[in-house]
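First comes the structure, then the notes that go with it.
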Amino acid sequence: MPVTVVLGTQWGDEGKGKLTDLLAADMEIVVRYQGGHNAGHTLVVDGETFALQLVPSGILYPHITPVIGNGVVVEPATLFEELAMLGERGVDTSRLKVSGNAHLIMPYHLELDRVTERYLGKSALGTTKRGIGPAYADKAARVGIRVQDLLDPKIFRAKLEVAIKEKNAVLAKVYNRLPLDAGEIAHRYLDEYAPKMKPFIEDTVTFLHQALAAGTPILAEGAQATFLDLDHGTYPYVTSSNPTAGGACVGTGIGPRDIDRVIGIAKAYVTRVGAGPFPTEVDGDTADMLVERGREYGTNTGRRRRPGWFDAVMLRQAVRVNSLSEVALTKLDVLDECETVRVCVGYRLDGEVIDHVPYHQSVLHKVEPIYEELPGWNEDISAATGADGLPSKARDYVEFLGEQIGAPVNLVGVGPGREQYVHLKG
């Protein structure tokens with residue numbers, strides 16, 4: 001059976017975890033294909049909240065095999081803490097598989113991420129300081145250490161010796177930091193982490209293709225979102241991997257012809273964390289309302305997110321870049337108390353109307369949004385279970401979004417719970 005890909009279409013925090021959890025009911029494998037523990041997914045099941053960072057969302061179903069693909073960067077301590085938390089809450093974590101080709105986040109990655117952000121000052125990128133960028137940089141520079149290296153102490157120590165020499169020189173000479181102890185790192189990773197990791201390590205590419213040959217339904221789960229993509233996002237205010245649909249192939253080893261459904265997740269408004277351009281950003285009472293009603297604080301960091309109105313220009317681009325077959329709209333209920341709701345349908349710069357995301361960052365920083373204003377519905381929709389349960393003005397808003405972005409909106413989230421969604425079509 002072909003593969004379904006779920007990904008974010010904005011700047012992240014769209015509710016991918018909830019949708020993945022929902023779709024996982026009909027899957028047998030859920031594979032995470034990129035990112036690291038900088039990506040938090042919050043799930044609410046039977047009133048109980050689970051905040052996941054590395055483990056694929058589908059782990060909450062006993063029939064799902066969760067897979068951490070080769071495109072992910074893994075911080076072992078975080079992974080084991082998360083598995084312990086799940087185990088204490090009655091979740092079976094023994095089914096997890098971790099690609100031997102996934103790269104490890106090392107202590108020097110964490111340290112470099114922290115000091116670099118401080119060094120940049122006002123030019124800081126707003127990273128989560130989790131070592132994600134430095135780990136991917138080492139991967140690209142071919143000096144990274146992979147999960148499989150935990151199984152060969154000789155190779156691990158050799159790679160660590162090469163890496164630590166360079167990293168300590170940078171930390172000491174550039175950032176005036178004390179050197180890290182290679183012996184202590186080797187001891188921690190080989191003696192503490194390796195025995196815990198070994199039962200989970202797998203040739204996940206072969207595993208996934210054997211599953212495909214057997215007709216097993218697979219869900220590929222992305223972290224972050226389209227406009228945080230290293231190539232297609234608002235560079236340099238992006239993540240260090242490819243959350244777009246193409247990244248699902250690279251980060252899992254699944255070929256593009258095995259994918260027949262790509263679902264883009266979009267919030268009924270937009271939020272962003274950290275620095276970078278944001279044409280529809282709002283402030284004042286409207287911003288406070290969106291943040292508080294939407295609980296717009298980082299799952300991992302607790303940082304307040306920057307809110308704004310829905311940007312259809314962004315979504316058109318996301319539809320194109322990802323070949324989206326459909327869109328799932330989340331957090332429509334956050335807009336319940338709005339007298340009117342606004343949708344950005346284009347940008348304006350120096351009198352010129354722009355209907356697409358401009359490629360040049362200086363242009364994107366300067367554009368003004370062109371808004372269409374629609375009436376709000378002033379009604380609590382959290383109990384809606386079908387399209388008929390939505391007020392007509394809420395349905396009009398969703399229909400208008402679909403027309404603007406050029407893709408059908410088939411699913412609408414009306415609350416944080418697993419069952420709080422409405423199927424519109426599809």
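Labels for the structure tokens follow display order: chains A, B, ..., residues from 1 in each chain, ligands from 1.
Proximity to Gly133 in chain A at 8 Å, evaluated using only C-alpha atoms and with sequence-adjacent residues fewer than 2 positions away removed, yields His109, Asp113, Gly131, Ala135, Tyr136, Ala137, Thr239 and Ser240 of chain A.
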Kindly assemble as CSV a list of the range 151-223 of chain A residues that lie within 12 Å of range 242-248 of chain A, each paired with its nearest atom pair and their distance in Å to one decimal, using only C-alpha atoms, sorted first by chain and then by ascending residue number.
```
residue,atom,partner,partner_atom,distance
A:Ile218,CA,A:Ala248,CA,11.7
A:Leu219,CA,A:Ala248,CA,10.1
A:Ala220,CA,A:Ala248,CA,6.6
A:Glu221,CA,A:Ala248,CA,7.8
A:Gly222,CA,A:Pro243,CA,5.5
A:Ala223,CA,A:Pro243,CA,6.0
```
Need to verify the contact set: range 372-377 of chain A, 10 Å, only C-alpha atoms, exclusion of same-chain residues closer than 5 positions in sequence. Can you return it as a PyMOL selection string? chain A and resi 335-346+390-397+400
For the residues selected in the previous step, produce a file with N, CA and C atoms as an mmCIF file, in the first residue's frame.
```
data_model
loop_
_atom_site.group_PDB
_atom_site.id
_atom_site.type_symbol
_atom_site.label_atom_id
_atom_site.label_comp_id
_atom_site.auth_asym_id
_atom_site.auth_seq_id
_atom_site.Cartn_x
_atom_site.Cartn_y
_atom_site.Cartn_z
ATOM 1 N N LEU A 335 -10.902 30.876 16.744
ATOM 2 C CA LEU A 335 -11.498 32.084 16.169
ATOM 3 C C LEU A 335 -12.967 32.267 16.559
ATOM 4 N N ASP A 336 -13.470 31.417 17.461
ATOM 5 C CA ASP A 336 -14.901 31.431 17.794
ATOM 6 C C ASP A 336 -15.417 32.785 18.251
ATOM 7 N N GLU A 337 -14.585 33.574 18.948
ATOM 8 C CA GLU A 337 -15.063 34.824 19.529
ATOM 9 C C GLU A 337 -14.790 36.041 18.650
ATOM 10 N N CYS A 338 -14.271 35.846 17.455
ATOM 11 C CA CYS A 338 -13.936 36.967 16.576
ATOM 12 C C CYS A 338 -15.190 37.540 15.903
ATOM 13 N N GLU A 339 -15.315 38.846 15.950
ATOM 14 C CA GLU A 339 -16.414 39.501 15.234
ATOM 15 C C GLU A 339 -16.190 39.380 13.728
ATOM 16 N N THR A 340 -14.947 39.548 13.329
ATOM 17 C CA THR A 340 -14.554 39.367 11.925
ATOM 18 C C THR A 340 -13.230 38.598 11.897
ATOM 19 N N VAL A 341 -12.978 37.924 10.794
ATOM 20 C CA VAL A 341 -11.703 37.230 10.595
ATOM 21 C C VAL A 341 -11.097 37.717 9.282
ATOM 22 N N ARG A 342 -9.789 37.814 9.272
ATOM 23 C CA ARG A 342 -9.104 38.350 8.098
ATOM 24 C C ARG A 342 -8.253 37.263 7.447
ATOM 25 N N VAL A 343 -8.169 37.317 6.129
ATOM 26 C CA VAL A 343 -7.360 36.390 5.345
ATOM 27 C C VAL A 343 -6.510 37.197 4.378
ATOM 28 N N CYS A 344 -5.212 36.969 4.425
ATOM 29 C CA CYS A 344 -4.314 37.633 3.476
ATOM 30 C C CYS A 344 -4.397 36.902 2.135
ATOM 31 N N VAL A 345 -4.789 37.619 1.093
ATOM 32 C CA VAL A 345 -4.961 37.014 -0.232
ATOM 33 C C VAL A 345 -3.885 37.466 -1.217
ATOM 34 N N GLY A 346 -3.046 38.420 -0.800
ATOM 35 C CA GLY A 346 -1.971 38.902 -1.656
ATOM 36 C C GLY A 346 -1.088 39.857 -0.869
ATOM 37 N N LEU A 390 -21.185 22.831 12.179
ATOM 38 C CA LEU A 390 -20.453 24.090 12.086
ATOM 39 C C LEU A 390 -21.394 25.213 11.658
ATOM 40 N N PRO A 391 -21.281 26.391 12.240
ATOM 41 C CA PRO A 391 -22.077 27.527 11.771
ATOM 42 C C PRO A 391 -21.780 27.815 10.305
ATOM 43 N N SER A 392 -22.754 28.354 9.602
ATOM 44 C CA SER A 392 -22.585 28.611 8.168
ATOM 45 C C SER A 392 -21.414 29.550 7.897
ATOM 46 N N LYS A 393 -21.196 30.516 8.791
ATOM 47 C CA LYS A 393 -20.098 31.460 8.575
ATOM 48 C C LYS A 393 -18.741 30.790 8.775
ATOM 49 N N ALA A 394 -18.672 29.795 9.653
ATOM 50 C CA ALA A 394 -17.433 29.031 9.816
ATOM 51 C C ALA A 394 -17.183 28.190 8.577
ATOM 52 N N ARG A 395 -18.242 27.587 8.028
ATOM 53 C CA ARG A 395 -18.083 26.809 6.787
ATOM 54 C C ARG A 395 -17.679 27.716 5.638
ATOM 55 N N ASP A 396 -18.242 28.929 5.602
ATOM 56 C CA ASP A 396 -17.878 29.881 4.544
ATOM 57 C C ASP A 396 -16.394 30.239 4.631
ATOM 58 N N TYR A 397 -15.900 30.421 5.849
ATOM 59 C CA TYR A 397 -14.488 30.757 6.044
ATOM 60 C C TYR A 397 -13.604 29.634 5.514
ATOM 61 N N PHE A 400 -13.724 29.480 1.748
ATOM 62 C CA PHE A 400 -12.961 30.580 1.166
ATOM 63 C C PHE A 400 -11.465 30.263 1.174
#
```
Strand (DSSP E or B) positions in range 210-247 of chain A, given as a PyMOL selection string: chain A and resi 218-221
Write to file, as a PDB file, in the first residue's frame, the residues of the selection just made, with C-alpha atoms.
```pdb
ATOM      1  CA  ILE A 218       2.794   3.663   6.296  1.00  0.00           C
ATOM      2  CA  LEU A 219       2.480   7.229   7.536  1.00  0.00           C
ATOM      3  CA  ALA A 220       5.504   9.532   7.195  1.00  0.00           C
ATOM      4  CA  GLU A 221       5.521  12.328   9.761  1.00  0.00           C
TER       5      GLU A 221
END
```
Considering only C-alpha atoms, give me a table of residues in range 217-257 of chain A that are at most 7 Å from range 66-76 of chain A, with the closest atom pair and distance in Å for each, as a Markdown table.
```
| residue | atom | partner | partner_atom | distance |
| --- | --- | --- | --- | --- |
| A:Val250 | CA | A:Gly71 | CA | 6.8 |
| A:Gly251 | CA | A:Gly71 | CA | 3.8 |
| A:Thr252 | CA | A:Gly69 | CA | 5.2 |
```
Go ahead and dump the residues you just picked, C-alpha atoms, as an mmCIF file, in the first residue's frame.
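Saved result, result_31.cif, follows:
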```cif
data_model
loop_
_atom_site.group_PDB
_atom_site.id
_atom_site.type_symbol
_atom_site.label_atom_id
_atom_site.label_comp_id
_atom_site.auth_asym_id
_atom_site.auth_seq_id
_atom_site.Cartn_x
_atom_site.Cartn_y
_atom_site.Cartn_z
ATOM 1 C CA VAL A 250 15.374 11.372 1.723
ATOM 2 C CA GLY A 251 14.710 10.913 5.432
ATOM 3 C CA THR A 252 13.162 7.446 5.139
#
```
Atomic distance CA of Pro256 in chain A - CA of Thr234 in chain A, expressed in Å with one decimal: 25.0 Å
Please report, as a PyMOL selection string, each residue of range 50-175 of chain A to which DSSP assigns alpha helix (DSSP H) when run on this structure's backbone. chain A and resi 76-88+107-120+132-140+153-173
Test item: residues at most 8 Å from range 310-325 of chain A, only C-alpha atoms, excluding those fewer than 2 positions along its chain, as a ChimeraX atom specification: /A:9-10,226,244-246,261-264,267-270,280,308,327,342-347,355-357,401,404-408
If I take CA of Arg188 in chain A and CA of Ala84 in chain A, how far is one from the other in Å, to one decimal? 18.0 Å
Which polymer residues have any atom within 7 Å of an atom of Gly8 in chain A, counting only C-alpha atoms, with same-chain residues fewer than 2 positions away left out, as a PyMOL selection string? chain A and resi 10+12+14+16+224-226+264-266
Excluding Pro62 in chain A and residues on its chain fewer than 3 positions from it, collect all residues at most 8 Å away from it, counting only C-alpha atoms, and give them as a PDB file with N, CA, C and O atoms, in the first residue's frame.
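The resulting file, selection-v4.pdb, is shown below:
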```
ATOM      1  N   ILE A  59       2.974   6.237  18.422  1.00  0.00           N
ATOM      2  CA  ILE A  59       3.324   5.282  19.476  1.00  0.00           C
ATOM      3  C   ILE A  59       2.196   5.080  20.478  1.00  0.00           C
ATOM      4  O   ILE A  59       2.145   4.072  21.188  1.00  0.00           O
ATOM      5  N   VAL A  91       2.504   3.274  28.249  1.00  0.00           N
ATOM      6  CA  VAL A  91       2.672   3.123  26.804  1.00  0.00           C
ATOM      7  C   VAL A  91       3.815   2.146  26.532  1.00  0.00           C
ATOM      8  O   VAL A  91       4.917   2.292  27.073  1.00  0.00           O
ATOM      9  N   ASP A  92       3.558   1.145  25.691  1.00  0.00           N
ATOM     10  CA  ASP A  92       4.592   0.182  25.315  1.00  0.00           C
ATOM     11  C   ASP A  92       5.538   0.826  24.309  1.00  0.00           C
ATOM     12  O   ASP A  92       5.141   1.173  23.198  1.00  0.00           O
TER      13      ASP A  92
END
```
